[in-house]
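Shown next: model-v8.cif, containing mmCIF, C-alpha atoms.
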data_data
#
loop_
_atom_site.label_atom_id
_atom_site.label_comp_id
_atom_site.auth_asym_id
_atom_site.auth_seq_id
_atom_site.Cartn_x
_atom_site.Cartn_y
_atom_site.Cartn_z
CA MET L 1 0.00 0.00 0.00
CA VAL L 2 1.23 3.50 -0.81
CA TRP L 3 0.11 6.90 0.42
CA THR L 4 -2.48 8.56 -1.84
CA LYS L 5 -4.64 11.67 -1.68
CA LYS L 6 -7.38 9.75 0.08
CA PHE L 7 -5.32 10.04 3.27
CA SER L 8 -5.91 13.82 3.31
CA LEU L 9 -9.47 12.99 4.31
CA LEU L 10 -8.46 10.11 6.55
CA ALA L 11 -6.23 12.58 8.40
CA VAL L 12 -9.38 14.24 9.66
CA PHE L 13 -10.89 10.91 10.72
CA ILE L 14 -7.81 9.63 12.52
CA HIS L 15 -7.40 12.76 14.64
CA LEU L 16 -11.06 12.70 15.58
CA LEU L 17 -10.95 9.02 16.50
CA LEU L 18 -7.56 8.56 18.09
CA GLY L 19 -7.19 8.15 21.83
CA VAL L 20 -3.50 7.88 22.61
CA ILE L 21 -1.99 6.50 25.81
CA GLU L 22 1.69 7.08 26.52
CA ASN L 23 3.94 6.64 29.54
CA LEU L 24 3.15 9.23 32.22
CA ALA L 25 6.69 10.58 31.93
CA GLU L 26 6.02 11.41 28.29
CA LYS L 27 2.62 12.96 28.87
CA ARG L 28 2.52 16.63 27.89
CA SER L 29 0.72 19.18 30.03
CA GLY L 30 -2.32 20.98 28.64
CA HIS L 31 -6.01 20.50 28.05
CA ARG L 32 -7.12 16.94 27.38
CA ILE L 33 -10.36 15.07 26.92
CA ILE L 34 -10.68 12.61 29.80
CA GLY L 35 -13.25 9.87 30.24
CA GLY L 36 -16.29 9.10 28.10
CA ASN L 37 -18.77 6.26 27.74
CA ALA L 38 -18.26 2.68 26.61
CA THR L 39 -19.06 2.22 22.92
CA GLY L 40 -20.04 -1.43 22.86
CA ASN L 41 -19.65 -2.95 19.40
CA LYS L 42 -20.43 0.16 17.36
CA TYR L 43 -16.89 0.75 16.07
CA PHE L 44 -15.47 -2.70 15.40
CA PHE L 45 -12.90 -1.25 12.99
CA ILE L 46 -11.20 0.66 15.83
CA VAL L 47 -8.34 -1.38 17.31
CA PHE L 48 -5.96 -1.26 20.25
CA ILE L 49 -2.23 -1.15 19.49
CA GLY L 50 0.47 -2.00 22.00
CA PRO L 51 3.20 -2.58 22.73
CA ILE L 52 4.81 -0.71 19.83
CA GLY L 53 8.40 -1.37 18.82
CA GLY L 54 8.95 -3.16 22.11
CA ARG L 55 7.99 -0.04 24.08
CA SER L 56 5.09 0.31 26.52
CA ILE L 57 3.21 2.66 24.23
CA TYR L 58 -0.49 2.16 23.56
CA CYS L 59 -2.42 3.78 20.73
CA THR L 60 -5.72 3.53 18.93
CA GLY L 61 -5.92 2.64 15.24
CA LEU L 62 -8.37 2.11 12.40
CA LEU L 63 -8.43 -1.21 10.61
CA LEU L 64 -8.67 -0.17 6.96
CA ASN L 65 -8.66 -3.68 5.51
CA PRO L 66 -7.38 -7.10 6.62
CA ASP L 67 -3.73 -6.05 6.23
CA TRP L 68 -3.40 -2.38 7.16
CA VAL L 69 -4.04 -0.22 10.26
CA LEU L 70 -4.02 3.58 10.26
CA THR L 71 -2.73 5.33 13.38
CA ALA L 72 -0.81 8.43 14.47
CA GLY L 73 2.75 9.00 13.32
CA HIS L 74 3.93 9.85 16.83
CA CYS L 75 2.91 6.34 17.93
CA ILE L 76 5.90 4.87 16.07
CA VAL L 77 8.51 7.37 17.32
CA ASN L 78 11.26 6.52 19.81
CA ALA L 79 11.54 7.90 23.36
CA ASP L 80 13.71 10.82 22.21
CA HIS L 81 11.15 11.73 19.55
CA ASP L 82 13.81 11.89 16.86
CA GLN L 83 13.59 8.53 15.04
CA ILE L 84 11.01 6.12 13.66
CA LEU L 85 10.89 2.82 15.52
CA THR L 86 11.14 -0.58 13.89
CA PRO L 87 8.35 -3.09 14.62
CA GLY L 88 10.71 -5.69 16.09
CA GLY L 89 10.07 -9.40 16.37
CA SER L 90 7.02 -11.34 17.43
CA GLY L 91 5.18 -9.65 20.31
CA SER L 92 7.08 -6.37 19.95
CA SER L 93 4.31 -4.56 18.05
CA VAL L 94 0.82 -5.96 18.47
CA VAL L 95 -2.68 -5.03 17.30
CA ARG L 96 -5.62 -6.32 19.34
CA TYR L 97 -9.02 -6.50 17.64
CA ALA L 98 -12.39 -8.31 17.49
CA CYS L 99 -12.94 -7.88 21.24
CA SER L 100 -16.55 -8.39 22.32
CA ASP L 101 -18.02 -5.00 23.34
CA GLN L 102 -14.53 -3.62 22.59
CA ASP L 103 -13.43 -4.91 25.99
CA LEU L 104 -9.70 -5.69 25.94
CA SER L 105 -10.12 -8.38 28.62
CA SER L 106 -12.60 -10.34 26.51
CA SER L 107 -11.65 -13.88 25.54
CA SER L 108 -12.87 -13.10 22.02
CA CYS L 109 -9.98 -10.69 21.38
CA ARG L 110 -7.63 -11.60 18.54
CA THR L 111 -4.09 -10.33 18.06
CA ALA L 112 -1.82 -9.78 15.10
CA ASP L 113 1.85 -8.82 14.99
CA VAL L 114 2.93 -5.79 13.00
CA ASN L 115 5.82 -6.33 10.59
CA SER L 116 6.10 -2.90 8.98
CA PHE L 117 5.65 0.78 9.87
CA VAL L 118 4.98 3.28 7.07
CA PRO L 119 4.95 6.90 8.31
CA HIS L 120 3.42 9.58 6.12
CA PRO L 121 6.24 10.73 3.80
CA CYS L 122 5.99 14.30 5.14
CA PHE L 123 5.88 13.35 8.83
CA VAL L 124 8.92 14.42 10.89
CA PRO L 125 9.51 12.72 14.29
CA GLY L 126 8.85 15.24 17.04
CA GLY L 127 6.59 17.29 14.80
CA SER L 128 2.80 17.51 14.59
CA ASP L 129 2.21 17.93 10.86
CA TYR L 130 1.16 14.90 8.78
CA ASP L 131 0.94 12.92 12.03
CA LEU L 132 -0.15 9.68 10.36
CA ALA L 133 1.29 6.22 9.93
CA LEU L 134 0.29 2.86 8.50
CA MET L 135 1.00 -0.47 10.17
CA HIS L 136 1.12 -3.66 8.13
CA LEU L 137 -0.10 -6.81 9.85
CA ALA L 138 2.00 -9.95 9.66
CA SER L 139 -1.20 -12.01 9.33
CA PRO L 140 -4.51 -10.70 7.94
CA ALA L 141 -7.21 -9.71 10.41
CA SER L 142 -10.47 -11.62 10.16
CA PHE L 143 -13.95 -11.10 11.60
CA SER L 144 -17.17 -13.09 11.62
CA ASP L 145 -19.08 -10.29 9.87
CA SER L 146 -18.49 -8.13 6.81
CA LYS L 147 -18.79 -4.70 8.43
CA SER L 148 -15.61 -4.72 10.48
CA PHE L 149 -13.38 -2.53 8.35
CA ALA L 150 -13.34 1.25 8.05
CA LEU L 151 -15.38 2.24 5.00
CA ILE L 152 -12.98 4.28 2.86
CA ASP L 153 -13.80 3.09 -0.67
CA GLY L 154 -15.03 5.87 -2.94
CA ILE L 155 -13.49 8.74 -0.97
CA ASN L 156 -13.31 11.75 -3.27
CA VAL L 157 -10.13 13.14 -1.62
CA SER L 158 -11.92 16.16 -0.17
CA ALA L 159 -13.75 16.83 3.06
CA PRO L 160 -16.64 19.27 3.53
CA SER L 161 -15.79 22.53 5.27
CA VAL L 162 -16.86 22.81 8.89
CA PRO L 163 -19.78 25.28 9.04
CA SER L 164 -19.41 28.44 11.07
CA HIS L 165 -22.07 27.33 13.54
CA VAL L 166 -21.28 24.81 16.27
CA LEU L 167 -20.99 21.22 15.02
CA ALA L 168 -21.04 18.14 17.23
CA VAL L 169 -18.58 15.32 16.57
CA THR L 170 -17.89 12.03 18.32
CA LEU L 171 -14.40 11.13 19.51
CA SER L 172 -13.54 7.52 20.28
CA GLY L 173 -10.44 5.73 21.50
CA PHE L 174 -8.64 3.86 24.27
CA GLY L 175 -7.65 7.05 26.10
CA TYR L 176 -7.22 8.20 29.69
CA THR L 177 -10.23 8.05 32.03
CA ASP L 178 -8.49 9.78 34.95
CA SER L 179 -6.07 12.69 34.55
CA ALA L 180 -4.57 12.20 38.02
CA THR L 181 -3.62 8.54 37.72
CA SER L 182 -3.42 8.17 33.92
CA ALA L 183 -5.83 5.26 34.17
CA PHE L 184 -7.31 3.92 30.97
CA PRO L 185 -10.56 1.98 30.67
CA GLY L 186 -9.56 -1.32 29.12
CA ARG L 187 -12.42 -0.85 26.67
CA LEU L 188 -13.20 1.55 23.83
CA MET L 189 -14.76 4.83 24.96
CA GLU L 190 -16.52 7.68 23.16
CA VAL L 191 -17.50 11.24 23.94
CA ASP L 192 -19.42 13.92 22.02
CA VAL L 193 -17.75 17.32 21.72
CA THR L 194 -18.25 20.44 19.61
CA THR L 195 -15.89 21.86 17.01
CA ALA L 196 -14.11 25.17 17.50
CA THR L 197 -12.32 27.72 15.38
CA GLY L 198 -8.54 27.58 15.00
CA ASP L 199 -8.08 30.59 17.30
CA VAL L 200 -10.16 29.03 20.08
CA CYS L 201 -8.36 25.72 19.65
CA ALA L 202 -4.94 27.38 19.92
CA LEU L 203 -5.90 29.02 23.22
CA ALA L 204 -7.10 25.71 24.67
CA ASN L 205 -4.31 23.53 23.27
CA PRO L 206 -0.92 25.22 22.67
CA PHE L 207 0.40 22.01 21.07
CA ALA L 208 -2.18 22.06 18.27
CA ALA L 209 -0.75 22.83 14.84
CA ALA L 210 -2.04 26.13 13.51
CA ASP L 211 -3.08 24.67 10.16
CA ALA L 212 -4.35 21.31 11.43
CA ALA L 213 -7.81 20.18 10.30
CA ALA L 214 -8.28 18.55 13.70
CA ALA L 215 -6.09 18.14 16.76
CA GLY L 216 -5.66 14.92 18.71
CA GLY L 217 -4.90 14.77 22.43
#

Once more with this new file: its structure as C-alpha cells, please.
Amino acid sequence: MVWTKKFSLLAVFIHLLLGVIENLAEKRSGHRIIGGNATGNKYFFIVFIGPIGGRSIYCTGLLLNPDWVLTAGHCIVNADHDQILTPGGSGSSVVRYACSDQDLSSSSCRTADVNSFVPHPCFVPGGSDYDLALMHLASPASFSDSKSFALIDGINVSAPSVPSHVLAVTLSGFGYTDSATSAFPGRLMEVDVTTATGDVCALANPFAAADAAAAGG
C-alpha cells in the first residue's frame, strides 16, 4: 500500500478518533479530553495497538482492511522523539481486535503482529504535521461479519468545510479516564464534543498545529 490523496481525508478521521496513551513521563501538560462512555460494538474497525516497537506505548488505530491499520505518526517514534521505531520481532508490536463489546479483557480478542511501519512521507519525528502512519499486519485480520473494516472506498479526496455554527462530533479511543492517575478503561470509549475555530483551539491547546484540520490529544 502507498500513500495517496485519500489520506488527506483520513487525516481528519484519525485525529477525531484517536485516543492515545503514553507513559506518564512522556505525557505533555495541557487540556485533554478525559473519560467518556463505553461504545459497545459500534466501532469494530477501531483497534488497540500495543506494545509498539517493544515499548510500553499504547495507541488507537483504524483497521482499513485485513492487512493495514491507520494510526498516528507519533505512535511509532522513539523515546527521544527523533527517530522512527522498527516493529521488532514477534510480540514487539501488536494489534488487538475483534474484542466483544470492545473490551480488551474479553476472551474473544484476537491479536496480530505488525511487521512494517509506514509513516506519512511528510511526517517528521517530534513534529505535529502529517501525524499519520500505516502499520502492516504480519497475518490478515479476520472477523465473523463483513462490516468490520473502516469504509474508505469511494473517498473523493476532499472533506466538507466545517460550518461556522457549532458542530457536534464524536471522539472515540482507548484514552485516559483519569487525569490524576493516567488510568485507561480497558475498553473503547466515546464522547461527544463540539468543534471550535482555530483561534479558540490554539488558546485551549498550545500544542495544536495552527493549520491542522483537527487536533488529537

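Once the PyMOL selection byres ((chain L and resi 172) around 6) is applied to the depicted file, the selected set reads Leu17, Leu171, Gly173, Met189 and Glu190 of chain L.
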
Task: Which residue of L:Gly73, L:Pro119, L:Gly50, L:Gly126 approaches Tyr97 (chain L) most closely, using only C-alpha atoms - done: L:Gly50

TODO: Return as a ChimeraX atom specification the set of residues that the PyMOL selection byres ((chain L and resi 188) around 12) yields on the displayed structure.
DONE: /L:17-20,35-48,59-61,96-105,171-177,184-187,189-191

All file atoms of region 116-129 of chain L boxed axis-aligned, 8 Å per side, centre plus edges, as lines of an AutoDock Vina configuration file:
center_x = 5.9
center_y = 7.5
center_z = 10.4
size_x = 23.3
size_y = 36.8
size_z = 29.2

- [ ] Name all residues at most 9 Å from Ser93 (chain L) (count all atoms listed in the file; drop same-chain ones fewer than 2 positions away) and give them as a list in words.
- [x] Ile49, Gly50, Pro51, Ile52, Gly53, Gly54, Arg55, Thr86, Pro87, Gly88, Gly89, Ser90, Gly91, Val95, Ala112, Asp113, Val114 and Asn115 of chain L

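Shortest separation to Val118 (chain L) among L:Ala141, L:Thr170, L:Cys201, L:Cys75 occurs at residue L:Cys75, atoms counted being all atoms listed in the file.
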
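Proximity of L:Asp131, L:Ala202, L:Cys122, L:Ala138 to Ile76 (chain L), computed with all atoms listed in the file, is greatest for L:Asp131.
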
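Of the listed residues L:Cys109, L:Ala204, L:Met135, L:Val169, the one whose atoms come nearest to Ala72 (chain L) is L:Met135, with distances taken using only C-alpha atoms.
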
- [ ] Identify which of the residues L:Val94, L:Val124, L:Ala133, L:Ala168 lies closest to Asp82 (chain L), counting only C-alpha atoms when measuring atom-to-atom distances.
- [x] L:Val124

TODO: Quick one: apply the PyMOL selection byres ((chain L and resi 69) around 9) to the file and drop the selected residues here as a ChimeraX atom specification.
DONE: /L:47,61-68,70-71,95,133-137

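The spacing separating CA of Pro125 (chain L) from CA of Asp80 (chain L) amounts to 9.2 Å.
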
Open item on the list: Using Å and a single decimal, report how far CA of His74 (chain L) sits from CA of Phe123 (chain L).
Closed with: 8.9 Å

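Between CA of Asn78 (chain L) and CA of Ser56 (chain L) lies a distance of 11.0 Å.
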
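If all atoms listed in the file are the atoms counted, then among L:Val77, L:Leu85, L:Leu167, L:Ile57 the closest residue to Ser116 (chain L) is L:Leu85.
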
Residue completion, region 46-77 of chain L, N, CA and C atoms, as a CSV table (one decimal), keeping the file's coordinate frame:
chain,number,residue,atom,x,y,z
L,46,ILE,N,-12.2,0.0,15.0
L,46,ILE,CA,-11.2,0.7,15.8
L,46,ILE,C,-10.5,-0.4,16.7
L,47,VAL,N,-9.1,-0.3,16.7
L,47,VAL,CA,-8.3,-1.4,17.3
L,47,VAL,C,-7.4,-0.8,18.3
L,48,PHE,N,-6.9,-1.6,19.2
L,48,PHE,CA,-6.0,-1.3,20.2
L,48,PHE,C,-4.6,-1.7,19.8
L,49,ILE,N,-3.6,-0.8,19.9
L,49,ILE,CA,-2.2,-1.2,19.5
L,49,ILE,C,-1.3,-1.0,20.7
L,50,GLY,N,-0.5,-2.1,20.9
L,50,GLY,CA,0.5,-2.0,22.0
L,50,GLY,C,0.9,-3.4,22.5
L,51,PRO,N,2.1,-3.6,22.8
L,51,PRO,CA,3.2,-2.6,22.7
L,51,PRO,C,3.5,-2.2,21.3
L,52,ILE,N,4.4,-1.2,21.1
L,52,ILE,CA,4.8,-0.7,19.8
L,52,ILE,C,6.3,-0.6,19.8
L,53,GLY,N,7.0,-1.4,18.9
L,53,GLY,CA,8.4,-1.4,18.8
L,53,GLY,C,9.1,-1.8,20.1
L,54,GLY,N,8.4,-2.7,20.9
L,54,GLY,CA,9.0,-3.2,22.1
L,54,GLY,C,8.8,-2.2,23.3
L,55,ARG,N,8.2,-1.0,23.0
L,55,ARG,CA,8.0,0.0,24.1
L,55,ARG,C,6.6,-0.1,24.6
L,56,SER,N,6.4,0.3,25.9
L,56,SER,CA,5.1,0.3,26.5
L,56,SER,C,4.3,1.6,26.1
L,57,ILE,N,4.0,1.6,24.8
L,57,ILE,CA,3.2,2.7,24.2
L,57,ILE,C,1.9,2.0,23.7
L,58,TYR,N,0.8,2.7,23.9
L,58,TYR,CA,-0.5,2.2,23.6
L,58,TYR,C,-1.3,3.2,22.8
L,59,CYS,N,-1.7,2.9,21.6
L,59,CYS,CA,-2.4,3.8,20.7
L,59,CYS,C,-3.7,3.1,20.2
L,60,THR,N,-4.5,4.0,19.6
L,60,THR,CA,-5.7,3.5,18.9
L,60,THR,C,-5.5,3.6,17.4
L,61,GLY,N,-6.1,2.6,16.7
L,61,GLY,CA,-5.9,2.6,15.2
L,61,GLY,C,-7.2,2.3,14.5
L,62,LEU,N,-7.2,2.5,13.2
L,62,LEU,CA,-8.4,2.1,12.4
L,62,LEU,C,-7.9,1.0,11.5
L,63,LEU,N,-8.7,-0.1,11.5
L,63,LEU,CA,-8.4,-1.2,10.6
L,63,LEU,C,-9.1,-0.9,9.3
L,64,LEU,N,-8.2,-0.6,8.3
L,64,LEU,CA,-8.7,-0.2,7.0
L,64,LEU,C,-9.1,-1.4,6.1
L,65,ASN,N,-8.4,-2.4,6.2
L,65,ASN,CA,-8.7,-3.7,5.5
L,65,ASN,C,-8.0,-4.8,6.3
L,66,PRO,N,-8.0,-6.0,5.8
L,66,PRO,CA,-7.4,-7.1,6.6
L,66,PRO,C,-5.9,-7.0,6.9
L,67,ASP,N,-5.2,-6.1,6.1
L,67,ASP,CA,-3.7,-6.0,6.2
L,67,ASP,C,-3.2,-4.8,6.8
L,68,TRP,N,-4.0,-3.7,6.8
L,68,TRP,CA,-3.4,-2.4,7.2
L,68,TRP,C,-4.2,-1.7,8.3
L,69,VAL,N,-3.5,-1.0,9.2
L,69,VAL,CA,-4.0,-0.2,10.3
L,69,VAL,C,-3.5,1.2,10.1
L,70,LEU,N,-4.4,2.2,10.3
L,70,LEU,CA,-4.0,3.6,10.3
L,70,LEU,C,-4.0,4.1,11.7
L,71,THR,N,-2.9,4.8,12.0
L,71,THR,CA,-2.7,5.3,13.4
L,71,THR,C,-2.0,6.7,13.3
L,72,ALA,N,-1.5,7.2,14.4
L,72,ALA,CA,-0.8,8.4,14.5
L,72,ALA,C,0.7,8.2,14.3
L,73,GLY,N,1.3,9.1,13.6
L,73,GLY,CA,2.8,9.0,13.3
L,73,GLY,C,3.6,9.0,14.6
L,74,HIS,N,3.1,9.8,15.6
L,74,HIS,CA,3.9,9.8,16.8
L,74,HIS,C,3.9,8.5,17.6
L,75,CYS,N,3.0,7.6,17.2
L,75,CYS,CA,2.9,6.3,17.9
L,75,CYS,C,4.1,5.4,17.6
L,76,ILE,N,4.8,5.7,16.5
L,76,ILE,CA,5.9,4.9,16.1
L,76,ILE,C,7.2,5.6,16.2
L,77,VAL,N,7.3,6.6,17.1
L,77,VAL,CA,8.5,7.4,17.3
L,77,VAL,C,9.2,6.9,18.6
